[in-house]
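Chemist: Here you go, model.cif (mmCIF, N, CA and C atoms):
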data_my_file
#
loop_
_atom_site.label_atom_id
_atom_site.label_comp_id
_atom_site.auth_asym_id
_atom_site.auth_seq_id
_atom_site.Cartn_x
_atom_site.Cartn_y
_atom_site.Cartn_z
N MET K 24 38.73 72.25 -7.25
CA MET K 24 40.16 72.44 -7.36
C MET K 24 40.53 72.32 -8.83
N LEU K 25 41.17 73.32 -9.37
CA LEU K 25 41.61 73.31 -10.75
C LEU K 25 43.04 72.80 -10.81
N VAL K 26 43.25 71.75 -11.55
CA VAL K 26 44.58 71.18 -11.72
C VAL K 26 45.05 71.57 -13.11
N THR K 27 46.13 72.32 -13.20
CA THR K 27 46.57 72.80 -14.50
C THR K 27 47.58 71.88 -15.15
N GLU K 28 48.33 71.12 -14.40
CA GLU K 28 49.32 70.23 -14.99
C GLU K 28 48.72 68.83 -15.12
N ARG K 29 48.72 68.29 -16.32
CA ARG K 29 48.14 66.98 -16.59
C ARG K 29 49.25 65.99 -16.88
N THR K 30 49.21 64.85 -16.20
CA THR K 30 50.22 63.84 -16.45
C THR K 30 49.68 62.68 -17.27
N GLU K 31 48.36 62.50 -17.31
CA GLU K 31 47.78 61.43 -18.12
C GLU K 31 47.52 61.99 -19.51
N SER K 32 48.15 61.39 -20.50
CA SER K 32 47.98 61.86 -21.88
C SER K 32 46.61 61.43 -22.40
N THR K 33 46.22 62.03 -23.48
CA THR K 33 44.97 61.65 -24.12
C THR K 33 45.03 60.19 -24.55
N ALA K 34 46.18 59.75 -25.07
CA ALA K 34 46.32 58.36 -25.51
C ALA K 34 46.19 57.40 -24.32
N ALA K 35 46.77 57.76 -23.18
CA ALA K 35 46.67 56.90 -21.99
C ALA K 35 45.22 56.86 -21.49
N ALA K 36 44.53 58.00 -21.53
CA ALA K 36 43.12 58.05 -21.11
C ALA K 36 42.26 57.21 -22.06
N GLN K 37 42.54 57.28 -23.37
CA GLN K 37 41.80 56.45 -24.33
C GLN K 37 42.01 54.97 -24.02
N ALA K 38 43.25 54.59 -23.75
CA ALA K 38 43.55 53.19 -23.45
C ALA K 38 42.86 52.75 -22.17
N ARG K 39 42.85 53.60 -21.16
CA ARG K 39 42.21 53.28 -19.88
C ARG K 39 40.71 53.02 -20.09
N VAL K 40 40.06 53.90 -20.84
CA VAL K 40 38.63 53.77 -21.10
C VAL K 40 38.35 52.50 -21.92
N ARG K 41 39.14 52.28 -22.96
CA ARG K 41 38.95 51.11 -23.82
C ARG K 41 39.18 49.81 -23.04
N LEU K 42 40.23 49.76 -22.21
CA LEU K 42 40.51 48.55 -21.42
C LEU K 42 39.40 48.25 -20.41
N ALA K 43 38.67 49.27 -20.00
CA ALA K 43 37.55 49.08 -19.08
C ALA K 43 36.31 48.58 -19.82
N GLY K 44 36.39 48.49 -21.14
CA GLY K 44 35.26 47.98 -21.92
C GLY K 44 34.29 49.04 -22.40
N LEU K 45 34.71 50.29 -22.32
CA LEU K 45 33.85 51.39 -22.79
C LEU K 45 34.39 51.95 -24.09
N ARG K 46 33.49 52.50 -24.89
CA ARG K 46 33.91 53.17 -26.11
C ARG K 46 34.56 54.50 -25.73
N PRO K 47 35.75 54.77 -26.24
CA PRO K 47 36.47 56.00 -25.85
C PRO K 47 35.94 57.24 -26.58
N THR K 48 34.77 57.71 -26.16
CA THR K 48 34.22 58.93 -26.76
C THR K 48 35.06 60.13 -26.32
N ARG K 49 34.89 61.22 -27.02
CA ARG K 49 35.64 62.44 -26.69
C ARG K 49 35.40 62.84 -25.24
N GLN K 50 34.13 62.80 -24.79
CA GLN K 50 33.81 63.21 -23.43
C GLN K 50 34.40 62.25 -22.39
N ARG K 51 34.29 60.95 -22.61
CA ARG K 51 34.84 59.99 -21.66
C ARG K 51 36.35 60.14 -21.53
N VAL K 52 37.00 60.30 -22.66
CA VAL K 52 38.47 60.43 -22.64
C VAL K 52 38.87 61.72 -21.94
N ALA K 53 38.19 62.81 -22.23
CA ALA K 53 38.53 64.10 -21.60
C ALA K 53 38.32 64.01 -20.09
N LEU K 54 37.22 63.41 -19.66
CA LEU K 54 36.96 63.29 -18.22
C LEU K 54 37.93 62.32 -17.56
N ALA K 55 38.28 61.24 -18.24
CA ALA K 55 39.27 60.30 -17.69
C ALA K 55 40.62 60.99 -17.53
N ARG K 56 40.99 61.80 -18.49
CA ARG K 56 42.27 62.52 -18.40
C ARG K 56 42.27 63.45 -17.19
N LEU K 57 41.16 64.13 -16.96
CA LEU K 57 41.07 65.01 -15.80
C LEU K 57 41.09 64.23 -14.49
N LEU K 58 40.36 63.13 -14.45
CA LEU K 58 40.24 62.35 -13.22
C LEU K 58 41.54 61.66 -12.81
N PHE K 59 42.24 61.09 -13.78
CA PHE K 59 43.35 60.20 -13.45
C PHE K 59 44.72 60.83 -13.60
N SER K 60 44.78 62.12 -13.78
CA SER K 60 46.05 62.82 -13.79
C SER K 60 46.39 63.19 -12.36
N GLY K 61 47.58 62.86 -11.95
CA GLY K 61 47.99 63.21 -10.60
C GLY K 61 47.58 62.17 -9.59
N PRO K 62 47.66 62.52 -8.30
CA PRO K 62 47.37 61.55 -7.23
C PRO K 62 45.88 61.22 -7.16
N ALA K 63 45.58 60.13 -6.45
CA ALA K 63 44.18 59.73 -6.24
C ALA K 63 43.45 60.88 -5.57
N ARG K 64 42.15 61.00 -5.91
CA ARG K 64 41.38 62.09 -5.34
C ARG K 64 39.90 61.76 -5.30
N HIS K 65 39.16 62.61 -4.61
CA HIS K 65 37.71 62.50 -4.48
C HIS K 65 37.13 63.73 -5.16
N VAL K 66 36.13 63.51 -6.00
CA VAL K 66 35.56 64.62 -6.76
C VAL K 66 34.05 64.46 -6.85
N THR K 67 33.35 65.57 -6.81
CA THR K 67 31.91 65.54 -7.07
C THR K 67 31.70 65.77 -8.56
N ALA K 68 30.53 65.42 -9.04
CA ALA K 68 30.21 65.64 -10.45
C ALA K 68 30.27 67.13 -10.77
N GLU K 69 29.75 67.95 -9.86
CA GLU K 69 29.74 69.40 -10.10
C GLU K 69 31.15 69.96 -10.16
N ALA K 70 32.02 69.49 -9.28
CA ALA K 70 33.40 69.96 -9.29
C ALA K 70 34.11 69.54 -10.58
N LEU K 71 33.89 68.30 -11.01
CA LEU K 71 34.51 67.83 -12.25
C LEU K 71 33.97 68.60 -13.44
N HIS K 72 32.69 68.89 -13.43
CA HIS K 72 32.09 69.68 -14.51
C HIS K 72 32.75 71.06 -14.58
N GLY K 73 32.94 71.68 -13.43
CA GLY K 73 33.61 72.98 -13.39
C GLY K 73 35.05 72.90 -13.84
N GLU K 74 35.73 71.85 -13.44
CA GLU K 74 37.12 71.65 -13.84
C GLU K 74 37.21 71.45 -15.35
N ALA K 75 36.29 70.68 -15.89
CA ALA K 75 36.28 70.44 -17.34
C ALA K 75 36.08 71.75 -18.08
N GLY K 76 35.12 72.55 -17.63
CA GLY K 76 34.89 73.84 -18.27
C GLY K 76 36.12 74.72 -18.21
N GLY K 77 36.81 74.71 -17.07
CA GLY K 77 38.03 75.50 -16.91
C GLY K 77 39.16 75.05 -17.81
N GLU K 78 39.10 73.80 -18.24
CA GLU K 78 40.11 73.25 -19.15
C GLU K 78 39.67 73.34 -20.62
N GLY K 79 38.49 73.95 -20.83
CA GLY K 79 38.00 74.09 -22.20
C GLY K 79 37.28 72.87 -22.74
N VAL K 80 36.92 71.93 -21.87
CA VAL K 80 36.19 70.73 -22.28
C VAL K 80 34.71 71.05 -22.21
N ARG K 81 34.04 71.01 -23.35
CA ARG K 81 32.59 71.29 -23.39
C ARG K 81 31.84 69.99 -23.16
N VAL K 82 31.17 69.92 -22.00
CA VAL K 82 30.43 68.72 -21.63
C VAL K 82 29.32 69.15 -20.67
N SER K 83 28.15 68.55 -20.82
CA SER K 83 27.04 68.91 -19.94
C SER K 83 27.21 68.23 -18.59
N LEU K 84 26.55 68.78 -17.58
CA LEU K 84 26.59 68.17 -16.25
C LEU K 84 25.97 66.78 -16.29
N ALA K 85 24.92 66.59 -17.08
CA ALA K 85 24.29 65.27 -17.21
C ALA K 85 25.28 64.26 -17.78
N THR K 86 26.08 64.66 -18.74
CA THR K 86 27.08 63.76 -19.32
C THR K 86 28.15 63.43 -18.29
N VAL K 87 28.53 64.40 -17.48
CA VAL K 87 29.51 64.15 -16.41
C VAL K 87 28.96 63.09 -15.46
N TYR K 88 27.72 63.28 -15.00
CA TYR K 88 27.09 62.29 -14.11
C TYR K 88 27.04 60.91 -14.77
N ASN K 89 26.58 60.85 -16.01
CA ASN K 89 26.48 59.56 -16.71
C ASN K 89 27.85 58.90 -16.83
N THR K 90 28.85 59.67 -17.18
CA THR K 90 30.20 59.13 -17.35
C THR K 90 30.76 58.63 -16.02
N LEU K 91 30.58 59.40 -14.96
CA LEU K 91 31.06 58.96 -13.65
C LEU K 91 30.41 57.65 -13.24
N HIS K 92 29.10 57.52 -13.45
CA HIS K 92 28.42 56.27 -13.09
C HIS K 92 28.86 55.11 -13.99
N GLN K 93 29.15 55.38 -15.25
CA GLN K 93 29.69 54.34 -16.13
C GLN K 93 31.06 53.90 -15.63
N PHE K 94 31.89 54.86 -15.22
CA PHE K 94 33.22 54.53 -14.71
C PHE K 94 33.12 53.71 -13.42
N VAL K 95 32.12 53.99 -12.59
CA VAL K 95 31.90 53.19 -11.38
C VAL K 95 31.53 51.76 -11.77
N ARG K 96 30.61 51.61 -12.72
CA ARG K 96 30.15 50.27 -13.12
C ARG K 96 31.27 49.40 -13.65
N VAL K 97 32.26 50.00 -14.33
CA VAL K 97 33.35 49.20 -14.91
C VAL K 97 34.58 49.14 -14.00
N GLY K 98 34.48 49.73 -12.80
CA GLY K 98 35.56 49.61 -11.82
C GLY K 98 36.66 50.65 -11.91
N LEU K 99 36.48 51.69 -12.70
CA LEU K 99 37.50 52.75 -12.77
C LEU K 99 37.41 53.70 -11.58
N LEU K 100 36.22 53.83 -11.02
CA LEU K 100 35.97 54.72 -9.89
C LEU K 100 35.17 53.99 -8.83
N ARG K 101 35.15 54.58 -7.66
CA ARG K 101 34.33 54.09 -6.56
C ARG K 101 33.45 55.25 -6.12
N GLU K 102 32.17 55.01 -5.95
CA GLU K 102 31.26 56.05 -5.49
C GLU K 102 31.14 55.97 -3.97
N VAL K 103 31.30 57.12 -3.32
CA VAL K 103 31.17 57.20 -1.87
C VAL K 103 30.01 58.15 -1.58
N MET K 104 28.91 57.60 -1.07
CA MET K 104 27.75 58.43 -0.73
C MET K 104 27.91 58.92 0.70
N VAL K 105 27.93 60.22 0.87
CA VAL K 105 28.09 60.77 2.21
C VAL K 105 26.76 61.23 2.80
N ASN K 106 25.81 61.53 1.96
CA ASN K 106 24.46 61.93 2.35
C ASN K 106 23.54 61.56 1.20
N PRO K 107 22.26 61.41 1.45
CA PRO K 107 21.37 61.16 0.32
C PRO K 107 21.49 62.30 -0.70
N GLY K 108 21.76 61.94 -1.93
CA GLY K 108 21.90 62.94 -2.97
C GLY K 108 23.26 63.59 -3.05
N ARG K 109 24.22 63.18 -2.21
CA ARG K 109 25.57 63.76 -2.27
C ARG K 109 26.60 62.64 -2.32
N SER K 110 27.24 62.54 -3.48
CA SER K 110 28.24 61.50 -3.70
C SER K 110 29.56 62.11 -4.12
N TYR K 111 30.61 61.43 -3.73
CA TYR K 111 31.95 61.73 -4.22
C TYR K 111 32.38 60.54 -5.06
N PHE K 112 33.23 60.78 -6.02
CA PHE K 112 33.76 59.71 -6.85
C PHE K 112 35.25 59.64 -6.57
N ASP K 113 35.70 58.45 -6.21
CA ASP K 113 37.05 58.20 -5.71
C ASP K 113 37.85 57.49 -6.79
N THR K 114 39.00 58.05 -7.14
CA THR K 114 39.85 57.40 -8.14
C THR K 114 40.67 56.26 -7.53
N ASN K 115 40.70 56.17 -6.21
CA ASN K 115 41.37 55.06 -5.53
C ASN K 115 40.34 53.95 -5.34
N VAL K 116 40.43 52.90 -6.13
CA VAL K 116 39.46 51.81 -6.05
C VAL K 116 39.95 50.66 -5.18
N GLY K 117 41.11 50.85 -4.54
CA GLY K 117 41.64 49.83 -3.64
C GLY K 117 40.87 49.79 -2.33
N ASP K 118 41.22 48.84 -1.48
CA ASP K 118 40.53 48.62 -0.21
C ASP K 118 40.91 49.72 0.77
N HIS K 119 39.95 50.58 1.10
CA HIS K 119 40.16 51.64 2.08
C HIS K 119 38.81 52.21 2.53
N HIS K 120 38.86 53.07 3.53
CA HIS K 120 37.68 53.70 4.09
C HIS K 120 37.88 55.21 4.07
N HIS K 121 36.96 55.94 4.71
CA HIS K 121 37.03 57.40 4.62
C HIS K 121 36.66 58.11 5.91
N PHE K 122 37.30 59.26 6.11
CA PHE K 122 36.84 60.28 7.03
C PHE K 122 36.07 61.28 6.18
N PHE K 123 34.92 61.73 6.67
CA PHE K 123 34.19 62.80 6.01
C PHE K 123 34.11 63.97 6.97
N HIS K 124 34.69 65.09 6.59
CA HIS K 124 34.69 66.31 7.40
C HIS K 124 33.38 67.05 7.12
N GLU K 125 32.45 66.97 8.07
CA GLU K 125 31.12 67.57 7.90
C GLU K 125 31.19 69.07 7.62
N THR K 126 32.11 69.76 8.25
CA THR K 126 32.19 71.21 8.12
C THR K 126 32.69 71.64 6.75
N THR K 127 33.73 70.97 6.26
CA THR K 127 34.36 71.39 5.00
C THR K 127 33.87 70.60 3.79
N GLY K 128 33.27 69.42 4.01
CA GLY K 128 32.87 68.56 2.90
C GLY K 128 34.02 67.77 2.33
N GLU K 129 35.17 67.78 3.01
CA GLU K 129 36.35 67.07 2.51
C GLU K 129 36.24 65.58 2.86
N LEU K 130 36.65 64.75 1.92
CA LEU K 130 36.70 63.30 2.11
C LEU K 130 38.17 62.91 2.14
N GLU K 131 38.54 62.11 3.13
CA GLU K 131 39.95 61.75 3.32
C GLU K 131 40.07 60.24 3.45
N ASP K 132 41.03 59.64 2.78
CA ASP K 132 41.23 58.19 2.82
C ASP K 132 41.73 57.72 4.19
N ILE K 133 41.29 56.53 4.57
CA ILE K 133 41.80 55.81 5.74
C ILE K 133 42.24 54.44 5.23
N ASP K 134 43.45 54.04 5.50
CA ASP K 134 43.93 52.73 5.10
C ASP K 134 43.05 51.66 5.75
N ALA K 135 42.70 50.65 4.99
CA ALA K 135 41.81 49.59 5.49
C ALA K 135 42.37 48.90 6.73
N ALA K 136 43.69 48.82 6.84
CA ALA K 136 44.31 48.16 7.99
C ALA K 136 44.08 48.92 9.29
N GLN K 137 43.68 50.19 9.20
CA GLN K 137 43.44 50.99 10.40
C GLN K 137 42.03 50.81 10.96
N VAL K 138 41.18 50.08 10.26
CA VAL K 138 39.81 49.87 10.70
C VAL K 138 39.62 48.37 10.97
N ASP K 139 39.21 48.04 12.18
CA ASP K 139 39.02 46.64 12.56
C ASP K 139 37.55 46.26 12.36
N LEU K 140 37.31 45.38 11.42
CA LEU K 140 35.95 44.90 11.13
C LEU K 140 35.88 43.41 11.42
N SER K 141 36.24 43.04 12.63
CA SER K 141 36.33 41.61 12.95
C SER K 141 34.98 40.93 13.10
N THR K 142 33.92 41.68 13.37
CA THR K 142 32.60 41.07 13.55
C THR K 142 31.61 41.72 12.60
N LEU K 143 31.17 40.95 11.63
CA LEU K 143 30.15 41.42 10.69
C LEU K 143 28.96 40.48 10.78
N PRO K 144 27.77 40.98 10.54
CA PRO K 144 26.61 40.09 10.54
C PRO K 144 26.68 39.15 9.33
N ALA K 145 26.01 38.02 9.44
CA ALA K 145 25.95 37.09 8.31
C ALA K 145 25.13 37.75 7.20
N ALA K 146 25.55 37.53 5.99
CA ALA K 146 24.80 38.06 4.85
C ALA K 146 23.49 37.30 4.72
N PRO K 147 22.44 37.99 4.27
CA PRO K 147 21.16 37.29 4.06
C PRO K 147 21.31 36.13 3.08
N ALA K 148 20.43 35.17 3.19
CA ALA K 148 20.46 33.98 2.33
C ALA K 148 20.51 34.38 0.86
N GLY K 149 21.37 33.72 0.12
CA GLY K 149 21.48 33.97 -1.32
C GLY K 149 22.37 35.14 -1.68
N THR K 150 23.02 35.74 -0.68
CA THR K 150 23.91 36.89 -0.96
C THR K 150 25.26 36.66 -0.32
N ARG K 151 26.20 37.51 -0.68
CA ARG K 151 27.52 37.49 -0.05
C ARG K 151 27.96 38.94 0.14
N ILE K 152 28.79 39.16 1.13
CA ILE K 152 29.32 40.50 1.35
C ILE K 152 30.41 40.74 0.32
N GLU K 153 30.23 41.76 -0.46
CA GLU K 153 31.22 42.08 -1.49
C GLU K 153 32.29 43.03 -0.96
N ARG K 154 31.85 44.04 -0.20
CA ARG K 154 32.78 45.04 0.30
C ARG K 154 32.10 45.77 1.45
N VAL K 155 32.90 46.24 2.38
CA VAL K 155 32.39 47.06 3.48
C VAL K 155 33.02 48.44 3.34
N ASP K 156 32.18 49.46 3.29
CA ASP K 156 32.65 50.84 3.20
C ASP K 156 32.33 51.54 4.50
N VAL K 157 33.34 52.05 5.16
CA VAL K 157 33.16 52.78 6.40
C VAL K 157 33.41 54.25 6.12
N VAL K 158 32.46 55.10 6.50
CA VAL K 158 32.63 56.54 6.42
C VAL K 158 32.50 57.06 7.85
N ILE K 159 33.59 57.58 8.37
CA ILE K 159 33.59 58.16 9.72
C ILE K 159 33.40 59.65 9.58
N ARG K 160 32.33 60.14 10.16
CA ARG K 160 31.98 61.55 10.04
C ARG K 160 32.65 62.35 11.14
N LEU K 161 33.29 63.44 10.75
CA LEU K 161 34.00 64.30 11.70
C LEU K 161 33.34 65.67 11.74
N ARG K 162 33.33 66.24 12.92
CA ARG K 162 32.86 67.62 13.09
C ARG K 162 33.88 68.34 13.95
N ASP K 163 34.16 69.59 13.63
CA ASP K 163 35.10 70.38 14.42
C ASP K 163 34.59 70.53 15.84
N ARG K 164 35.51 70.51 16.79
CA ARG K 164 35.15 70.74 18.19
C ARG K 164 34.86 72.22 18.38
N PRO K 165 33.88 72.55 19.22
CA PRO K 165 33.62 73.97 19.48
C PRO K 165 34.83 74.61 20.15
N SER K 166 35.08 75.84 19.82
CA SER K 166 36.25 76.54 20.42
C SER K 166 36.00 76.92 21.83
#
How does this structure look as structure tokens?
Modeler:
Amino acid sequence: MLVTERTESTAAAQARVRLAGLRPTRQRVALARLLFSGPARHVTAEALHGEAGGEGVRVSLATVYNTLHQFVRVGLLREVMVNPGRSYFDTNVGDHHHFFHETTGELEDIDAAQVDLSTLPAAPAGTRIERVDVVIRLRDRPS
């Protein structure tokens, strides 16, 4: 999806990256501006790479992947793995879950209050449960 109207300025993107503890390189700032303009969304590295190219941002796919994973590590993004080797990056880092539409590849937010997780197994010795991510897979009904 190509978004032509940007609401996050370059200065705001620089501040966001710097506050997360990362050096605001040209590529990080450009990708942050693309990611955080407009409403929360789910994006693949390939889609973001295409969007960047469409906006005139010259960046390699490897740099996009590296930047997305850096943003995950510092809490700017959340990675949602839907299949081995297929991840989406979510700009909504708050407590929520997802529907994954198998047919279209669309990822849709579910408010955490709509999912009842009243019984969880005990965490193994020496660990604690940090977060529970639920991905509910949907498939279209046959006509």
Chemist: Please provide the set of residues having any atom within 10 Å of Asp132 in chain K, restricted to only C-alpha atoms, with same-chain residues fewer than 6 positions apart removed, written as a ChimeraX atom specification.
Modeler: /K:63-65,113,115,119-123,158
Chemist: Enumerate, as a ChimeraX atom specification, the complete set of residues in chain K that a backbone-based DSSP assignment places in helix (DSSP H, G or I).
Modeler: /K:33-42,49-59,68-77,84-96,135-137
Chemist: Translate the PyMOL selection byres (((chain K and resi 36-53 and name CA) around 8) and name CA), as applied to the file shown, into an explicit residue set as a PyMOL selection string.
Modeler: chain K and resi 31-35+54-57+59+75+80+82+86+90+97-99
Chemist: For the strand (DSSP E) assignment from backbone DSSP, which residues of range 71-149 of chain K qualify? Please present them as a CSV table (one decimal) with N, CA and C atoms, keeping the file's coordinate frame.
Modeler:
chain,number,residue,atom,x,y,z
K,101,ARG,N,35.2,54.6,-7.7
K,101,ARG,CA,34.3,54.1,-6.6
K,101,ARG,C,33.4,55.2,-6.1
K,102,GLU,N,32.2,55.0,-6.0
K,102,GLU,CA,31.3,56.0,-5.5
K,102,GLU,C,31.1,56.0,-4.0
K,103,VAL,N,31.3,57.1,-3.3
K,103,VAL,CA,31.2,57.2,-1.9
K,103,VAL,C,30.0,58.2,-1.6
K,104,MET,N,28.9,57.6,-1.1
K,104,MET,CA,27.8,58.4,-0.7
K,104,MET,C,27.9,58.9,0.7
K,105,VAL,N,27.9,60.2,0.9
K,105,VAL,CA,28.1,60.8,2.2
K,105,VAL,C,26.8,61.2,2.8
K,106,ASN,N,25.8,61.5,2.0
K,106,ASN,CA,24.5,61.9,2.4
K,106,ASN,C,23.5,61.6,1.2
K,109,ARG,N,24.2,63.2,-2.2
K,109,ARG,CA,25.6,63.8,-2.3
K,109,ARG,C,26.6,62.6,-2.3
K,110,SER,N,27.2,62.5,-3.5
K,110,SER,CA,28.2,61.5,-3.7
K,110,SER,C,29.6,62.1,-4.1
K,111,TYR,N,30.6,61.4,-3.7
K,111,TYR,CA,32.0,61.7,-4.2
K,111,TYR,C,32.4,60.5,-5.1
K,112,PHE,N,33.2,60.8,-6.0
K,112,PHE,CA,33.8,59.7,-6.8
K,112,PHE,C,35.2,59.6,-6.6
K,113,ASP,N,35.7,58.4,-6.2
K,113,ASP,CA,37.0,58.2,-5.7
K,113,ASP,C,37.8,57.5,-6.8
K,119,HIS,N,40.0,50.6,1.1
K,119,HIS,CA,40.2,51.6,2.1
K,119,HIS,C,38.8,52.2,2.5
K,120,HIS,N,38.9,53.1,3.5
K,120,HIS,CA,37.7,53.7,4.1
K,120,HIS,C,37.9,55.2,4.1
K,121,HIS,N,37.0,55.9,4.7
K,121,HIS,CA,37.0,57.4,4.6
K,121,HIS,C,36.7,58.1,5.9
K,122,PHE,N,37.3,59.3,6.1
K,122,PHE,CA,36.8,60.3,7.0
K,122,PHE,C,36.1,61.3,6.2
K,123,PHE,N,34.9,61.7,6.7
K,123,PHE,CA,34.2,62.8,6.0
K,123,PHE,C,34.1,64.0,7.0
K,124,HIS,N,34.7,65.1,6.6
K,124,HIS,CA,34.7,66.3,7.4
K,124,HIS,C,33.4,67.0,7.1
K,130,LEU,N,36.6,64.8,1.9
K,130,LEU,CA,36.7,63.3,2.1
K,130,LEU,C,38.2,62.9,2.1
K,131,GLU,N,38.5,62.1,3.1
K,131,GLU,CA,40.0,61.8,3.3
K,131,GLU,C,40.1,60.2,3.4
K,132,ASP,N,41.0,59.6,2.8
K,132,ASP,CA,41.2,58.2,2.8
K,132,ASP,C,41.7,57.7,4.2
K,133,ILE,N,41.3,56.5,4.6
K,133,ILE,CA,41.8,55.8,5.7
K,133,ILE,C,42.2,54.4,5.2
K,134,ASP,N,43.4,54.0,5.5
K,134,ASP,CA,43.9,52.7,5.1
K,134,ASP,C,43.0,51.7,5.8
Chemist: Would you mind telling me which residue in K:Ser166, K:Pro144, K:Leu58, K:Val157 lies nearest to Glu131 in chain K when using only C-alpha atoms?
Modeler: K:Val157
Chemist: Any idea what the distance is between CA of Glu102 in chain K and CA of His72 in chain K?
Modeler: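 Rounded to one decimal, the two atoms are 16.4 Å apart.
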Chemist: Rounded to one decimal place, report the CA of Arg154 in chain K-CA of Leu140 in chain K distance in Å.
Modeler: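 Here the two named atoms are 11.3 Å from each other.
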Chemist: Which residues fall under the PyMOL selection byres (((chain K and resi 126 and name CA) around 12) and name CA) in this file, as a PyMOL selection string?
Modeler: chain K and resi 122-125+127-130+160-165
Chemist: Which one is closest to Gln137 in chain K: K:Arg81, K:Gly149, K:Asp118, K:Glu74? Count only C-alpha atoms.
Modeler: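 With only C-alpha atoms as the atom set, the closest residue is K:Asp118.
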Chemist: Closest to Val116 in chain K among K:Val95, K:Ala146, K:Ala136, K:Val66, using only C-alpha atoms?
Modeler: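 Smallest separation from Val116 in chain K among the options: K:Val95.
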Chemist: Rounded to one decimal, what separation in Å do you get between CA of Val103 in chain K and CA of Thr142 in chain K?
Modeler: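 A separation of 22.4 Å between them.
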Chemist: Between K:Thr67, K:Thr150, K:Asn106, K:Ser60, which residue has the minimum interatomic distance to Leu91 in chain K, considering only C-alpha atoms?
Modeler: K:Thr67
Chemist: Counting only C-alpha atoms, which residue out of K:Val87, K:Gly108, K:Ile159, K:Gly79 sits closest to Ile133 in chain K?
Modeler: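 Looking only at the distances to Ile133 in chain K, the closest residue turns out to be K:Ile159.
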